[in-house]
>>> print(open('query.cif').read())   # mmCIF, N, CA, C and O atoms
data_upload
loop_
_atom_site.label_atom_id
_atom_site.label_comp_id
_atom_site.auth_asym_id
_atom_site.auth_seq_id
_atom_site.Cartn_x
_atom_site.Cartn_y
_atom_site.Cartn_z
N MET U 1 -3.83 28.07 -11.86
CA MET U 1 -2.74 27.60 -11.03
C MET U 1 -1.41 28.06 -11.63
O MET U 1 -1.23 28.01 -12.84
N ALA U 2 -0.50 28.47 -10.79
CA ALA U 2 0.84 28.86 -11.22
C ALA U 2 1.74 27.63 -11.17
O ALA U 2 1.86 26.99 -10.14
N LYS U 3 2.34 27.29 -12.30
CA LYS U 3 3.16 26.08 -12.41
C LYS U 3 4.63 26.45 -12.45
O LYS U 3 5.04 27.34 -13.19
N THR U 4 5.42 25.74 -11.61
CA THR U 4 6.87 25.92 -11.66
C THR U 4 7.53 24.54 -11.72
O THR U 4 7.04 23.59 -11.12
N VAL U 5 8.61 24.45 -12.47
CA VAL U 5 9.38 23.21 -12.60
C VAL U 5 10.72 23.43 -11.91
O VAL U 5 11.42 24.41 -12.18
N HIS U 6 11.04 22.52 -10.99
CA HIS U 6 12.29 22.61 -10.22
C HIS U 6 13.17 21.41 -10.55
O HIS U 6 12.70 20.28 -10.51
N LYS U 7 14.42 21.67 -10.85
CA LYS U 7 15.39 20.60 -11.09
C LYS U 7 16.15 20.32 -9.80
O LYS U 7 16.56 21.25 -9.11
N ASN U 8 16.30 19.03 -9.48
CA ASN U 8 17.06 18.59 -8.31
C ASN U 8 16.59 19.30 -7.03
O ASN U 8 17.42 19.75 -6.22
N LEU U 9 15.28 19.38 -6.84
CA LEU U 9 14.70 20.12 -5.72
C LEU U 9 15.14 19.54 -4.38
O LEU U 9 14.96 18.34 -4.12
N LEU U 10 15.72 20.38 -3.55
CA LEU U 10 16.19 20.02 -2.21
C LEU U 10 17.14 18.82 -2.24
O LEU U 10 17.12 17.98 -1.35
N GLY U 11 17.95 18.75 -3.29
CA GLY U 11 18.92 17.66 -3.41
C GLY U 11 18.37 16.41 -4.05
O GLY U 11 19.06 15.39 -4.11
N GLY U 12 17.14 16.47 -4.54
CA GLY U 12 16.53 15.32 -5.22
C GLY U 12 17.10 15.15 -6.62
O GLY U 12 18.01 15.87 -7.06
N VAL U 13 16.54 14.19 -7.34
CA VAL U 13 16.98 13.85 -8.69
C VAL U 13 15.88 14.20 -9.69
O VAL U 13 14.69 13.99 -9.40
N GLY U 14 16.26 14.72 -10.84
CA GLY U 14 15.29 15.00 -11.90
C GLY U 14 14.46 16.24 -11.60
O GLY U 14 14.95 17.19 -11.00
N GLU U 15 13.20 16.20 -12.04
CA GLU U 15 12.33 17.36 -11.93
C GLU U 15 11.18 17.11 -10.95
O GLU U 15 10.73 15.98 -10.78
N VAL U 16 10.73 18.20 -10.35
CA VAL U 16 9.52 18.21 -9.54
C VAL U 16 8.70 19.40 -10.02
O VAL U 16 9.23 20.50 -10.17
N ILE U 17 7.42 19.16 -10.29
CA ILE U 17 6.54 20.21 -10.79
C ILE U 17 5.58 20.61 -9.68
O ILE U 17 4.92 19.76 -9.09
N ILE U 18 5.51 21.91 -9.40
CA ILE U 18 4.62 22.42 -8.36
C ILE U 18 3.57 23.30 -9.02
O ILE U 18 3.91 24.29 -9.68
N ASP U 19 2.30 22.93 -8.83
CA ASP U 19 1.15 23.71 -9.32
C ASP U 19 0.47 24.33 -8.11
O ASP U 19 -0.26 23.65 -7.39
N ASP U 20 0.74 25.63 -7.87
CA ASP U 20 0.09 26.31 -6.76
C ASP U 20 -1.41 26.40 -7.04
O ASP U 20 -1.81 26.89 -8.09
N ILE U 21 -2.21 25.92 -6.11
CA ILE U 21 -3.66 25.96 -6.27
C ILE U 21 -4.17 27.37 -6.06
O ILE U 21 -5.04 27.84 -6.77
N ASP U 22 -3.62 28.05 -5.08
CA ASP U 22 -4.02 29.40 -4.77
C ASP U 22 -2.88 30.05 -4.00
O ASP U 22 -2.08 29.36 -3.39
N SER U 23 -2.84 31.34 -4.05
CA SER U 23 -1.84 32.02 -3.22
C SER U 23 -2.07 31.62 -1.78
O SER U 23 -3.18 31.71 -1.27
N ALA U 24 -1.05 31.11 -1.14
CA ALA U 24 -1.18 30.65 0.24
C ALA U 24 -1.74 31.75 1.14
O ALA U 24 -2.51 31.49 2.05
N LYS U 25 -1.40 33.00 0.86
CA LYS U 25 -1.89 34.10 1.69
C LYS U 25 -3.40 34.29 1.53
O LYS U 25 -4.05 34.85 2.41
N ASN U 26 -3.97 33.86 0.41
CA ASN U 26 -5.42 33.94 0.24
C ASN U 26 -6.14 32.94 1.13
O ASN U 26 -7.32 33.09 1.42
N ILE U 27 -5.44 31.89 1.54
CA ILE U 27 -6.03 30.86 2.38
C ILE U 27 -5.90 31.27 3.84
O ILE U 27 -6.86 31.26 4.59
N SER U 28 -4.69 31.59 4.26
CA SER U 28 -4.42 31.98 5.64
C SER U 28 -3.00 32.50 5.71
O SER U 28 -2.13 32.05 4.97
N GLU U 29 -2.76 33.43 6.61
CA GLU U 29 -1.39 33.93 6.79
C GLU U 29 -0.48 32.83 7.31
O GLU U 29 0.73 32.92 7.19
N LYS U 30 -1.05 31.77 7.91
CA LYS U 30 -0.25 30.66 8.43
C LYS U 30 0.07 29.62 7.37
O LYS U 30 0.90 28.76 7.59
N CYS U 31 -0.59 29.68 6.22
CA CYS U 31 -0.38 28.70 5.15
C CYS U 31 0.67 29.22 4.19
O CYS U 31 0.50 30.28 3.58
N THR U 32 1.77 28.50 4.04
CA THR U 32 2.84 28.94 3.14
C THR U 32 2.88 28.16 1.83
O THR U 32 3.56 28.58 0.90
N LEU U 33 2.16 27.03 1.77
CA LEU U 33 2.08 26.27 0.52
C LEU U 33 0.77 25.49 0.48
O LEU U 33 0.40 24.84 1.46
N PHE U 34 0.08 25.59 -0.64
CA PHE U 34 -1.13 24.81 -0.92
C PHE U 34 -1.04 24.50 -2.41
O PHE U 34 -1.32 25.36 -3.25
N ALA U 35 -0.57 23.29 -2.75
CA ALA U 35 -0.23 22.99 -4.14
C ALA U 35 -0.37 21.51 -4.45
O ALA U 35 -0.33 20.67 -3.56
N VAL U 36 -0.50 21.22 -5.75
CA VAL U 36 -0.39 19.86 -6.24
C VAL U 36 1.04 19.71 -6.76
O VAL U 36 1.50 20.51 -7.57
N VAL U 37 1.72 18.70 -6.25
CA VAL U 37 3.12 18.45 -6.63
C VAL U 37 3.18 17.16 -7.44
O VAL U 37 2.53 16.18 -7.09
N THR U 38 3.94 17.19 -8.52
CA THR U 38 4.11 16.03 -9.39
C THR U 38 5.59 15.66 -9.44
O THR U 38 6.44 16.52 -9.72
N ILE U 39 5.86 14.38 -9.15
CA ILE U 39 7.22 13.85 -9.27
C ILE U 39 7.19 12.80 -10.39
O ILE U 39 6.62 11.73 -10.23
N PRO U 40 7.78 13.12 -11.55
CA PRO U 40 7.79 12.16 -12.66
C PRO U 40 8.61 10.91 -12.32
O PRO U 40 9.37 10.89 -11.35
N ALA U 41 8.46 9.89 -13.16
CA ALA U 41 9.26 8.67 -13.02
C ALA U 41 10.74 9.03 -12.98
O ALA U 41 11.19 9.98 -13.63
N ASN U 42 11.51 8.28 -12.20
CA ASN U 42 12.96 8.46 -12.06
C ASN U 42 13.35 9.79 -11.43
O ASN U 42 14.47 10.26 -11.64
N SER U 43 12.44 10.40 -10.67
CA SER U 43 12.73 11.67 -10.02
C SER U 43 12.40 11.58 -8.54
O SER U 43 11.72 10.66 -8.09
N SER U 44 12.91 12.56 -7.77
CA SER U 44 12.65 12.59 -6.33
C SER U 44 12.67 14.02 -5.81
O SER U 44 13.28 14.91 -6.40
N LEU U 45 12.03 14.17 -4.66
CA LEU U 45 12.07 15.40 -3.87
C LEU U 45 13.01 15.08 -2.71
O LEU U 45 12.75 14.15 -1.94
N GLY U 46 14.11 15.79 -2.61
CA GLY U 46 15.14 15.47 -1.63
C GLY U 46 14.69 15.59 -0.19
O GLY U 46 13.76 16.32 0.14
N TYR U 47 15.38 14.85 0.68
CA TYR U 47 15.10 14.88 2.11
C TYR U 47 15.39 16.28 2.65
O TYR U 47 16.40 16.89 2.33
N HIS U 48 14.46 16.79 3.45
CA HIS U 48 14.62 18.11 4.06
C HIS U 48 13.85 18.17 5.37
O HIS U 48 12.93 17.38 5.59
N GLU U 49 14.23 19.09 6.23
CA GLU U 49 13.57 19.25 7.52
C GLU U 49 12.70 20.50 7.53
O GLU U 49 12.96 21.45 6.78
N HIS U 50 11.70 20.48 8.40
CA HIS U 50 10.82 21.64 8.57
C HIS U 50 11.04 22.23 9.95
O HIS U 50 11.09 21.50 10.94
N HIS U 51 11.18 23.54 9.99
CA HIS U 51 11.39 24.26 11.24
C HIS U 51 10.38 25.40 11.32
O HIS U 51 10.32 26.23 10.42
N GLY U 52 9.56 25.39 12.37
CA GLY U 52 8.54 26.42 12.53
C GLY U 52 7.31 26.18 11.68
O GLY U 52 6.48 27.08 11.51
N GLU U 53 7.19 24.98 11.13
CA GLU U 53 6.05 24.65 10.27
C GLU U 53 5.84 23.15 10.22
O GLU U 53 6.69 22.37 10.64
N CYS U 54 4.69 22.77 9.68
CA CYS U 54 4.30 21.36 9.52
C CYS U 54 3.85 21.16 8.07
O CYS U 54 3.19 22.04 7.52
N GLU U 55 4.22 20.03 7.47
CA GLU U 55 3.79 19.75 6.09
C GLU U 55 3.04 18.43 6.03
O GLU U 55 3.46 17.43 6.60
N THR U 56 1.93 18.46 5.30
CA THR U 56 1.10 17.27 5.09
C THR U 56 1.02 16.99 3.59
O THR U 56 0.86 17.91 2.79
N TYR U 57 1.16 15.69 3.23
CA TYR U 57 0.95 15.24 1.85
C TYR U 57 -0.29 14.35 1.83
O TYR U 57 -0.45 13.50 2.71
N TYR U 58 -1.12 14.53 0.81
CA TYR U 58 -2.21 13.60 0.51
C TYR U 58 -1.91 13.05 -0.88
O TYR U 58 -1.92 13.81 -1.85
N ILE U 59 -1.59 11.77 -0.96
CA ILE U 59 -1.17 11.17 -2.24
C ILE U 59 -2.39 10.98 -3.14
O ILE U 59 -3.35 10.31 -2.76
N LEU U 60 -2.33 11.57 -4.32
CA LEU U 60 -3.43 11.51 -5.29
C LEU U 60 -3.27 10.35 -6.27
O LEU U 60 -4.26 9.75 -6.67
N SER U 61 -2.03 10.07 -6.68
CA SER U 61 -1.79 8.98 -7.63
C SER U 61 -0.31 8.63 -7.63
O SER U 61 0.53 9.39 -7.18
N GLY U 62 -0.01 7.45 -8.17
CA GLY U 62 1.36 6.98 -8.27
C GLY U 62 1.80 6.23 -7.03
O GLY U 62 1.06 6.08 -6.06
N VAL U 63 3.06 5.76 -7.08
CA VAL U 63 3.66 5.01 -5.97
C VAL U 63 5.02 5.60 -5.69
O VAL U 63 5.84 5.80 -6.59
N GLY U 64 5.27 5.88 -4.41
CA GLY U 64 6.54 6.48 -4.03
C GLY U 64 7.14 5.85 -2.79
O GLY U 64 6.47 5.12 -2.05
N GLU U 65 8.41 6.12 -2.60
CA GLU U 65 9.10 5.72 -1.37
C GLU U 65 9.25 6.99 -0.53
O GLU U 65 9.97 7.92 -0.90
N TYR U 66 8.56 7.01 0.60
CA TYR U 66 8.54 8.16 1.50
C TYR U 66 9.57 7.95 2.59
O TYR U 66 9.58 6.91 3.25
N ASP U 67 10.43 8.93 2.79
CA ASP U 67 11.45 8.90 3.84
C ASP U 67 10.95 9.76 4.98
O ASP U 67 10.92 10.99 4.89
N ASP U 68 10.55 9.11 6.07
CA ASP U 68 10.01 9.79 7.25
C ASP U 68 11.06 9.74 8.35
O ASP U 68 11.13 8.80 9.12
N ASN U 69 11.94 10.75 8.37
CA ASN U 69 13.02 10.80 9.36
C ASN U 69 13.90 9.57 9.32
O ASN U 69 14.28 9.03 10.35
N GLY U 70 14.22 9.09 8.12
CA GLY U 70 15.09 7.93 7.96
C GLY U 70 14.36 6.60 7.90
O GLY U 70 14.97 5.59 7.57
N VAL U 71 13.08 6.59 8.19
CA VAL U 71 12.28 5.36 8.07
C VAL U 71 11.55 5.43 6.73
O VAL U 71 10.76 6.34 6.49
N LYS U 72 11.84 4.48 5.85
CA LYS U 72 11.27 4.50 4.51
C LYS U 72 10.08 3.57 4.42
O LYS U 72 10.10 2.47 4.98
N ARG U 73 9.05 4.04 3.70
CA ARG U 73 7.85 3.23 3.48
C ARG U 73 7.24 3.61 2.14
O ARG U 73 7.46 4.70 1.62
N THR U 74 6.48 2.68 1.61
CA THR U 74 5.81 2.91 0.33
C THR U 74 4.51 3.68 0.57
O THR U 74 3.76 3.38 1.51
N VAL U 75 4.26 4.69 -0.28
CA VAL U 75 3.01 5.44 -0.24
C VAL U 75 2.34 5.34 -1.60
O VAL U 75 3.00 5.22 -2.63
N LYS U 76 0.99 5.38 -1.57
CA LYS U 76 0.20 5.28 -2.80
C LYS U 76 -1.07 6.10 -2.63
O LYS U 76 -1.30 6.70 -1.58
N GLU U 77 -1.90 6.11 -3.67
CA GLU U 77 -3.13 6.88 -3.67
C GLU U 77 -3.93 6.69 -2.37
O GLU U 77 -4.13 5.57 -1.91
N GLY U 78 -4.34 7.81 -1.78
CA GLY U 78 -5.13 7.79 -0.57
C GLY U 78 -4.34 7.87 0.72
O GLY U 78 -4.90 8.12 1.79
N ASP U 79 -3.01 7.69 0.64
CA ASP U 79 -2.19 7.77 1.85
C ASP U 79 -1.96 9.23 2.24
O ASP U 79 -1.93 10.13 1.39
N VAL U 80 -1.78 9.45 3.55
CA VAL U 80 -1.51 10.78 4.09
C VAL U 80 -0.23 10.70 4.91
O VAL U 80 -0.03 9.76 5.68
N THR U 81 0.63 11.70 4.74
CA THR U 81 1.84 11.80 5.55
C THR U 81 1.82 13.14 6.27
O THR U 81 1.28 14.12 5.75
N VAL U 82 2.38 13.17 7.46
CA VAL U 82 2.48 14.41 8.23
C VAL U 82 3.91 14.54 8.73
O VAL U 82 4.43 13.62 9.37
N THR U 83 4.53 15.67 8.45
CA THR U 83 5.87 15.96 8.94
C THR U 83 5.77 17.16 9.88
O THR U 83 5.58 18.29 9.44
N PRO U 84 5.87 16.90 11.19
CA PRO U 84 5.73 17.99 12.16
C PRO U 84 6.99 18.86 12.24
O PRO U 84 8.05 18.50 11.72
N ASN U 85 6.84 19.96 12.92
CA ASN U 85 7.93 20.89 13.17
C ASN U 85 9.14 20.15 13.75
O ASN U 85 9.01 19.33 14.65
N GLY U 86 10.32 20.40 13.17
CA GLY U 86 11.55 19.80 13.65
C GLY U 86 11.87 18.44 13.06
O GLY U 86 12.91 17.86 13.37
N LYS U 87 11.02 17.92 12.20
CA LYS U 87 11.23 16.60 11.58
C LYS U 87 11.47 16.78 10.08
O LYS U 87 11.26 17.85 9.52
N GLY U 88 11.90 15.69 9.42
CA GLY U 88 12.21 15.77 8.00
C GLY U 88 11.57 14.67 7.19
O GLY U 88 11.08 13.68 7.73
N HIS U 89 11.60 14.87 5.86
CA HIS U 89 11.02 13.89 4.94
C HIS U 89 11.55 14.12 3.52
O HIS U 89 12.14 15.14 3.21
N GLY U 90 11.32 13.11 2.68
CA GLY U 90 11.64 13.17 1.26
C GLY U 90 10.75 12.18 0.55
O GLY U 90 10.14 11.31 1.19
N LEU U 91 10.65 12.27 -0.77
CA LEU U 91 9.78 11.36 -1.53
C LEU U 91 10.40 11.06 -2.89
O LEU U 91 10.80 11.97 -3.63
N LYS U 92 10.50 9.77 -3.20
CA LYS U 92 11.07 9.31 -4.47
C LYS U 92 10.01 8.52 -5.23
O LYS U 92 9.33 7.66 -4.66
N ASN U 93 9.86 8.82 -6.51
CA ASN U 93 8.94 8.06 -7.36
C ASN U 93 9.58 6.70 -7.64
O ASN U 93 10.70 6.64 -8.15
N ILE U 94 8.88 5.62 -7.30
CA ILE U 94 9.42 4.27 -7.55
C ILE U 94 8.58 3.51 -8.57
O ILE U 94 8.76 2.32 -8.76
N GLY U 95 7.67 4.22 -9.23
CA GLY U 95 6.82 3.59 -10.24
C GLY U 95 7.06 4.18 -11.62
O GLY U 95 7.89 5.06 -11.81
N ALA U 96 6.29 3.68 -12.58
CA ALA U 96 6.39 4.16 -13.96
C ALA U 96 5.56 5.42 -14.19
O ALA U 96 5.86 6.22 -15.08
N GLU U 97 4.52 5.61 -13.38
CA GLU U 97 3.63 6.77 -13.51
C GLU U 97 4.08 7.87 -12.56
O GLU U 97 4.70 7.58 -11.53
N PRO U 98 3.74 9.13 -12.86
CA PRO U 98 4.10 10.21 -11.93
C PRO U 98 3.42 10.03 -10.57
O PRO U 98 2.32 9.50 -10.49
N VAL U 99 4.10 10.47 -9.53
CA VAL U 99 3.49 10.57 -8.20
C VAL U 99 2.93 11.99 -8.10
O VAL U 99 3.65 12.96 -8.32
N LYS U 100 1.63 12.08 -7.77
CA LYS U 100 0.99 13.39 -7.59
C LYS U 100 0.44 13.43 -6.18
O LYS U 100 -0.15 12.47 -5.70
N PHE U 101 0.64 14.59 -5.52
CA PHE U 101 0.11 14.74 -4.18
C PHE U 101 -0.24 16.18 -3.88
O PHE U 101 0.32 17.11 -4.49
N LEU U 102 -1.18 16.36 -2.97
CA LEU U 102 -1.52 17.66 -2.45
C LEU U 102 -0.57 17.94 -1.30
O LEU U 102 -0.42 17.10 -0.40
N ALA U 103 0.09 19.08 -1.31
CA ALA U 103 1.03 19.47 -0.26
C ALA U 103 0.52 20.73 0.41
O ALA U 103 0.16 21.70 -0.26
N VAL U 104 0.49 20.70 1.75
CA VAL U 104 0.06 21.85 2.53
C VAL U 104 1.08 22.09 3.63
O VAL U 104 1.39 21.19 4.39
N ILE U 105 1.61 23.31 3.68
CA ILE U 105 2.54 23.71 4.74
C ILE U 105 1.88 24.79 5.58
O ILE U 105 1.44 25.82 5.05
N ILE U 106 1.82 24.53 6.89
CA ILE U 106 1.23 25.47 7.85
C ILE U 106 2.29 25.85 8.87
O ILE U 106 2.96 24.99 9.43
N LYS U 107 2.43 27.16 9.11
CA LYS U 107 3.36 27.63 10.15
C LYS U 107 2.82 27.25 11.52
O LYS U 107 1.63 27.29 11.77
N ASP U 108 3.75 26.89 12.42
CA ASP U 108 3.36 26.60 13.81
C ASP U 108 3.10 27.89 14.55
O ASP U 108 3.58 28.91 14.26
#
>>> encode(input="query.cif", output="structure tokens")
Amino acid sequence: MAKTVHKNLLGGVGEVIIDDIDSAKNISEKCTLFAVVTIPANSSLGYHEHHGECETYYILSGVGEYDDNGVKRTVKEGDVTVTPNGKGHGLKNIGAEPVKFLAVIIKD
């Protein structure tokens, strides 16, 4: 897996670590991201919108506050979020342990 560390990703706070599972092109030309994302304690992935694509998160561990187009809710292990084309989302770690999730972005 290729690991990258991003500071203040998309206007978030702290660091977000992205571990690409495989080159998205090896999966499908429509897949632009297939990765495990880690948000450490006191960090967040900033709110952003998707255009021409859809993103799904499958929460693997930790507890976060998910911003679904301005509606905030708590997410934890086993939860799934879907952000369709033209909508936005963000995720903030609200626990002591890292939030880890599988992220998949598919072009519409």
>>> resolve_selection(input="query.cif", expression="the PyMOL selection byres ((chain U and resi 106) around 7)", output="PyMOL selection string")
chain U and resi 30-33+52-56+104-105+107-108
>>> atom_distance(input="query.cif", atom1="atom CA of U:Pro98", atom2="atom CA of U:Val63")
7.9 Å
>>> residues_around(input="query.cif", residues="U:Gly11", least_positions_apart="6", cutoff="10 Å", atoms="only C-alpha atoms", output="NGL selection string")
:U and (44-48 or 90)
>>> closest_residue(input="query.cif", among="U:Ile27, U:Val5, U:Val80, U:Ala96", to="U:Tyr58", atoms="all atoms listed in the file")
U:Val80
>>> resolve_selection(input="query.cif", expression="the PyMOL selection byres ((chain U and resi 73) around 8)", output="PyMOL selection string")
chain U and resi 63-68+70-72+74-76+90-92
>>> select_by_dssp(input="query.cif", residues="chain U", states="strand (DSSP E)", output="ChimeraX atom specification")
/U:2-7,15-20,31-39,44-49,53-61,63-68,71-76,80-83,88-93,99-107
>>> atom_distance(input="query.cif", atom1="atom N of U:Asn69", atom2="atom O of U:Ala41")
22.0 Å
>>> resolve_selection(input="query.cif", expression="the PyMOL selection byres (((chain U and resi 102 and name CA) around 6) and name CA)", output="list in words")
Ala35, Val36, Tyr57, Tyr58, Phe101 and Ala103 of chain U
>>> closest_residue(input="query.cif", among="U:Ser61, U:Ile39, U:Phe34, U:His51", to="U:Gly86", atoms="only C-alpha atoms")
U:His51
>>> atom_distance(input="query.cif", atom1="atom N of U:Glu29", atom2="atom N of U:Val16")
26.5 Å
>>> residues_around(input="query.cif", residues="U:His6", least_positions_apart="5", cutoff="6 Å", atoms="all atoms listed in the file", output="PyMOL selection string")
chain U and resi 14-18
>>> closest_residue(input="query.cif", among="U:Glu49, U:Asp22, U:Val13, U:Leu60", to="U:Lys87", atoms="only C-alpha atoms")
U:Glu49
>>> closest_residue(input="query.cif", among="U:Leu10, U:Asp20, U:Gly95, U:Lys100", to="U:Gly78", atoms="only N, CA, C and O atoms")
U:Lys100
>>> axis_aligned_box(input="query.cif", around="stretch 48-63 of chain U", padding_each_side="8 Å", output="lines of an AutoDock Vina configuration file")
center_x = 5.2
center_y = 16.0
center_z = 2.1
size_x = 34.9
size_y = 38.1
size_z = 36.8
